[in-house]
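Working notes for the structure below.
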Amino acid sequence: MTGMFRIPYLQRVMEYLAGEIDAPPEGFPVALTNFQFWGLWWCILVGVIYIFSGQSSKFIYIDF
Amino acid sequence: MTTKRQLISAALVLVGGLAAMNLTVAALTRNSVPRRVMRHARESQEATVVALGNSLVASGFRESVFDSATDLRAPRGAVNLGLGASTPVEQLLLLRYALAQGMRPQLAIYGFFDFQLTEPGKVSIGDMIGNRAMDYYIEPSYGRRFYSLSAHDAVEFRALQAFPMFADRGAIWAKVEILRRTMGQQGLPAERSNQFGRAADFTLLEAKDEQEFRQKCEDSLSQPLSPAVRELLRVASEAGLAIAMVEMPMRQAHRRTFYDNIGWQEYVAHVRKLLAAYPVTFVDASHWILDDAEFDDPLHLGEKGAEEFSRRLGGELRTEMATVPALRVTSHPGESGTP
């Protein structure tokens with residue numbers, strides 16, 4: 001797969017993972033029936049939300 | 001169709017992932033600032049002088065300079081347990097922690113800023129991040145007595161306490177914030193900053209103007225010492241410590257705008273009256289550092305200012321300390337400095 005095709009492919013993967021489309025792009029190894037993967041995916045989402053959820057805090061001190 | 005078993009397997013992976021995240025956060029924050037201060041307390045059991053307060057003390061008190069000025073010698077010298085972004089509650093918890101670890105100091109130096117001694121301890125869970133995360137892991141039930149939380153926050157406090165991901169979330173967010181600031185600074189002139197944060201941000205901790213400060217002085221004239229300060233004084237007195245309350249050095253702008261007015265003088269007189277019930281020596285160090293260049297930012301002393309302050313404080317308290325048997329510095333001729 002060349003770089004040109006990689007971006008649309010990744011876009012479709014993200015759309016699939018986020019629930020925007022129902023079918024994975026061709027060649028994507030994870031199916032909806034793989035529930036361990038979805039558990040892991042939720043973990044990643046929780047982690048990303050956790051890391052960036054402090055953005056609304058006004059930090060004066062930053063040395064923790 | 002999704003079966004119960006499939007959902008359970010996904011949930012188990014999620015729970016496992018969350019456990020791993022908690023372990024990761026616990027590992028990443030094992031050297032957080034409060035834990036470093038606690039470690040310093042554990043490693044300084046023979047210290048005879050303990051300095052407590054917020055970042056003004058953390059950055060302004062130099063143990064070795066104070067020791068030289070008072071002829072004390074490590075390890076029986078001073079230990080700085082000042083903690084940035086802390087309130088009297090955390091400072092009380094640190095004193096108790098030090099005592100519980102076997103430290104038997106004879107003198108507590110407590111540096112304060114503006115209305116710190118009389119501010120009521122009303123907080124929300126959102127405030128308990130960063131260094132204040134120690135409220136979750138040092139005597140949480142005891143500490144809870146000194147700040148009031150809403151019913152909702154009280155339940156949340158208990159629920160969050162067990163999870164490093166929540167208790168120490170501020171430390172992780174701060175790392176993200178540092179990254180965000182670094183990225184935001186690309187191509188721009190460097191902003192002045194120090195160990196605590198962006199220098200300019202610290203003006204946000206001062207009153208907006210003279211009028212607001214004067215109003216606060218008036219309002220605070222009827223305030224008692226905050227429960228945490230009272231408890232700190234009680235704990236220190238019961239442990240046999242002499243106490244030095246130090247009005248910390250301020251920049252010229254802060255002194256002129258806020259401290260050099262009648263309202264502040266009345267407030268300080270009020271505080272001194274409240275402190276009279278305890279074995280307290282009041283030290284007004286607010287005008288000790290006259291050169292603003294010796295400040296690192298609007299509030300914190302830089303290296304040179306910290307040395308000057310610590311030296312002068314040592315000189316000031318030297319006479320005071322001579323009345324405390326364990327700190328008497330002239331009792332053994334030829335062994336000057338060994339109490």
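Each chain in the structure tokens gets a letter, A, B, ..., in the order shown, and its residues are numbered from 1; ligands are numbered from 1 in order too.
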Restrict the distance test to only C-alpha atoms, flag each residue of chain A within 7 Å of chain B, and return the flagged residues as a compact mmCIF listing (two decimals) with N, CA and C atoms, in the first residue's frame.
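Heads up, here's the output in out.txt:
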# COMPACT_ATOMS: atom_id res chain seq x y z
N PHE A 35 -14.59 -9.20 20.72
CA PHE A 35 -14.93 -8.33 21.84
C PHE A 35 -13.75 -7.95 22.72
N GLN A 36 -12.70 -8.78 22.71
CA GLN A 36 -11.49 -8.40 23.46
C GLN A 36 -10.91 -7.12 22.85
N TRP A 38 -12.58 -4.80 21.32
CA TRP A 38 -13.41 -3.64 21.67
C TRP A 38 -13.17 -3.21 23.11
N GLY A 39 -12.87 -4.17 23.98
CA GLY A 39 -12.52 -3.83 25.37
C GLY A 39 -11.26 -2.98 25.37
N LEU A 40 -10.31 -3.40 24.56
CA LEU A 40 -9.04 -2.66 24.46
C LEU A 40 -9.26 -1.27 23.86
N TRP A 42 -11.97 0.54 24.05
CA TRP A 42 -12.57 1.41 25.08
C TRP A 42 -11.49 1.93 26.04
N CYS A 43 -10.54 1.02 26.36
CA CYS A 43 -9.43 1.45 27.24
C CYS A 43 -8.67 2.62 26.62
N ILE A 51 -6.34 11.73 29.75
CA ILE A 51 -5.14 12.57 29.59
C ILE A 51 -5.50 14.01 29.25
N GLY A 54 -7.91 17.47 31.51
CA GLY A 54 -7.47 18.55 32.38
C GLY A 54 -7.34 19.89 31.67
N ILE A 60 -1.81 27.46 37.31
CA ILE A 60 -0.84 28.52 37.66
C ILE A 60 0.43 27.78 38.06
N TYR A 61 0.32 26.91 39.04
CA TYR A 61 1.45 26.04 39.39
C TYR A 61 1.44 24.87 38.43
N ILE A 62 2.61 24.45 38.03
CA ILE A 62 2.70 23.35 37.07
C ILE A 62 3.68 22.30 37.57
N ASP A 63 4.20 22.53 38.78
CA ASP A 63 5.24 21.67 39.32
C ASP A 63 4.64 20.69 40.31
N PHE A 64 4.17 19.54 39.80
CA PHE A 64 3.59 18.53 40.69
C PHE A 64 4.42 17.28 40.70
Next item on the list: Would you kindly return, as a ChimeraX atom specification, each protein, DNA or RNA residue with an atom no farther than 12 Å from any atom of Arg256 of chain B, considering only C-alpha atoms and excluding same-chain residues fewer than 2 positions away?
Entry: /B:209-210,213,250-254,258-262,264,286-287,290
Next item on the list: In Å, rounded to a single decimal, give me how far atom CA of Val268 of chain B is from atom CA of Glu119 of chain B.
Entry: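 Here the two named atoms are 13.7 Å from each other.
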Next item on the list: Find the residues around Arg272 of chain B up to 10 Å (only C-alpha atoms counted), leave out those fewer than 6 positions away in its own chain, and share them as a count of residues only.
Entry: 5
Next item on the list: May I ask for the distance between atom CA of Pro75 of chain B and atom CA of Asn54 of chain B, given in Å to one decimal place?
Entry: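 Between atom CA of Pro75 of chain B and atom CA of Asn54 of chain B the gap is 23.0 Å.
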Next item on the list: Figure out the distance between atom CA of Tyr136 of chain B and atom CA of Ile44 of chain A, please, to one decimal in Å.
Entry: 26.1 Å
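Assigned to strand (DSSP E or B) in segment 32-251 of chain B, given DSSP computed from backbone atoms, are Val49, Val50, Ala51, Leu52, Ala78, Val79, Asn80, Leu107, Ala108, Ile109, Tyr110, Gly111, Phe112, Lys122, Ser148, Ser193, Asn194, Gly197, Arg198, Ala242, Ile243, Ala244, Met245, Val246 and Glu247 of chain B.
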Step one, run DSSP on the backbone; step two, keep only residues of chain A assigned to helix (DSSP H, G or I); then write them as a PDB file with C-alpha atoms, in the first residue's frame.
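File selection-v8.pdb, as written:
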ATOM      1  CA  GLY A   3       1.306   6.518   1.180  1.00  0.00           C
ATOM      2  CA  MET A   4      -1.403   7.965  -1.117  1.00  0.00           C
ATOM      3  CA  PHE A   5      -3.786   5.144  -0.241  1.00  0.00           C
ATOM      4  CA  ARG A   6      -2.806   4.892   3.358  1.00  0.00           C
ATOM      5  CA  ILE A   7      -4.610   8.037   4.510  1.00  0.00           C
ATOM      6  CA  PRO A   8      -8.071   7.129   3.133  1.00  0.00           C
ATOM      7  CA  TYR A   9      -7.570   3.626   4.505  1.00  0.00           C
ATOM      8  CA  LEU A  10      -6.724   4.994   7.968  1.00  0.00           C
ATOM      9  CA  GLN A  11      -9.701   7.296   7.715  1.00  0.00           C
ATOM     10  CA  ARG A  12     -11.980   4.316   7.088  1.00  0.00           C
ATOM     11  CA  VAL A  13     -10.383   2.426   9.979  1.00  0.00           C
ATOM     12  CA  MET A  14     -11.047   5.352  12.311  1.00  0.00           C
ATOM     13  CA  GLU A  15     -14.600   5.688  11.009  1.00  0.00           C
ATOM     14  CA  TYR A  16     -15.170   2.003  11.634  1.00  0.00           C
ATOM     15  CA  LEU A  17     -13.679   2.125  15.127  1.00  0.00           C
ATOM     16  CA  PHE A  35     -14.934  -8.328  21.839  1.00  0.00           C
ATOM     17  CA  GLN A  36     -11.491  -8.400  23.460  1.00  0.00           C
ATOM     18  CA  PHE A  37     -10.444  -5.875  20.860  1.00  0.00           C
ATOM     19  CA  TRP A  38     -13.407  -3.637  21.669  1.00  0.00           C
ATOM     20  CA  GLY A  39     -12.519  -3.829  25.365  1.00  0.00           C
ATOM     21  CA  LEU A  40      -9.038  -2.663  24.456  1.00  0.00           C
ATOM     22  CA  TRP A  41     -10.435   0.072  22.229  1.00  0.00           C
ATOM     23  CA  TRP A  42     -12.572   1.408  25.079  1.00  0.00           C
ATOM     24  CA  CYS A  43      -9.428   1.446  27.241  1.00  0.00           C
ATOM     25  CA  ILE A  44      -7.664   3.567  24.647  1.00  0.00           C
ATOM     26  CA  LEU A  45     -10.607   5.967  24.493  1.00  0.00           C
ATOM     27  CA  VAL A  46     -10.770   6.224  28.299  1.00  0.00           C
ATOM     28  CA  GLY A  47      -7.016   6.875  28.355  1.00  0.00           C
ATOM     29  CA  VAL A  48      -7.196   9.636  25.744  1.00  0.00           C
ATOM     30  CA  ILE A  49     -10.146  11.304  27.483  1.00  0.00           C
ATOM     31  CA  TYR A  50      -8.365  11.014  30.832  1.00  0.00           C
ATOM     32  CA  ILE A  51      -5.139  12.569  29.594  1.00  0.00           C
ATOM     33  CA  PHE A  52      -6.799  15.528  27.931  1.00  0.00           C
ATOM     34  CA  SER A  53      -9.617  16.126  30.411  1.00  0.00           C
ATOM     35  CA  GLY A  54      -7.466  18.554  32.379  1.00  0.00           C
ATOM     36  CA  GLN A  55      -7.488  21.146  29.638  1.00  0.00           C
ATOM     37  CA  SER A  56     -10.250  23.117  31.310  1.00  0.00           C
TER      38      SER A  56
END
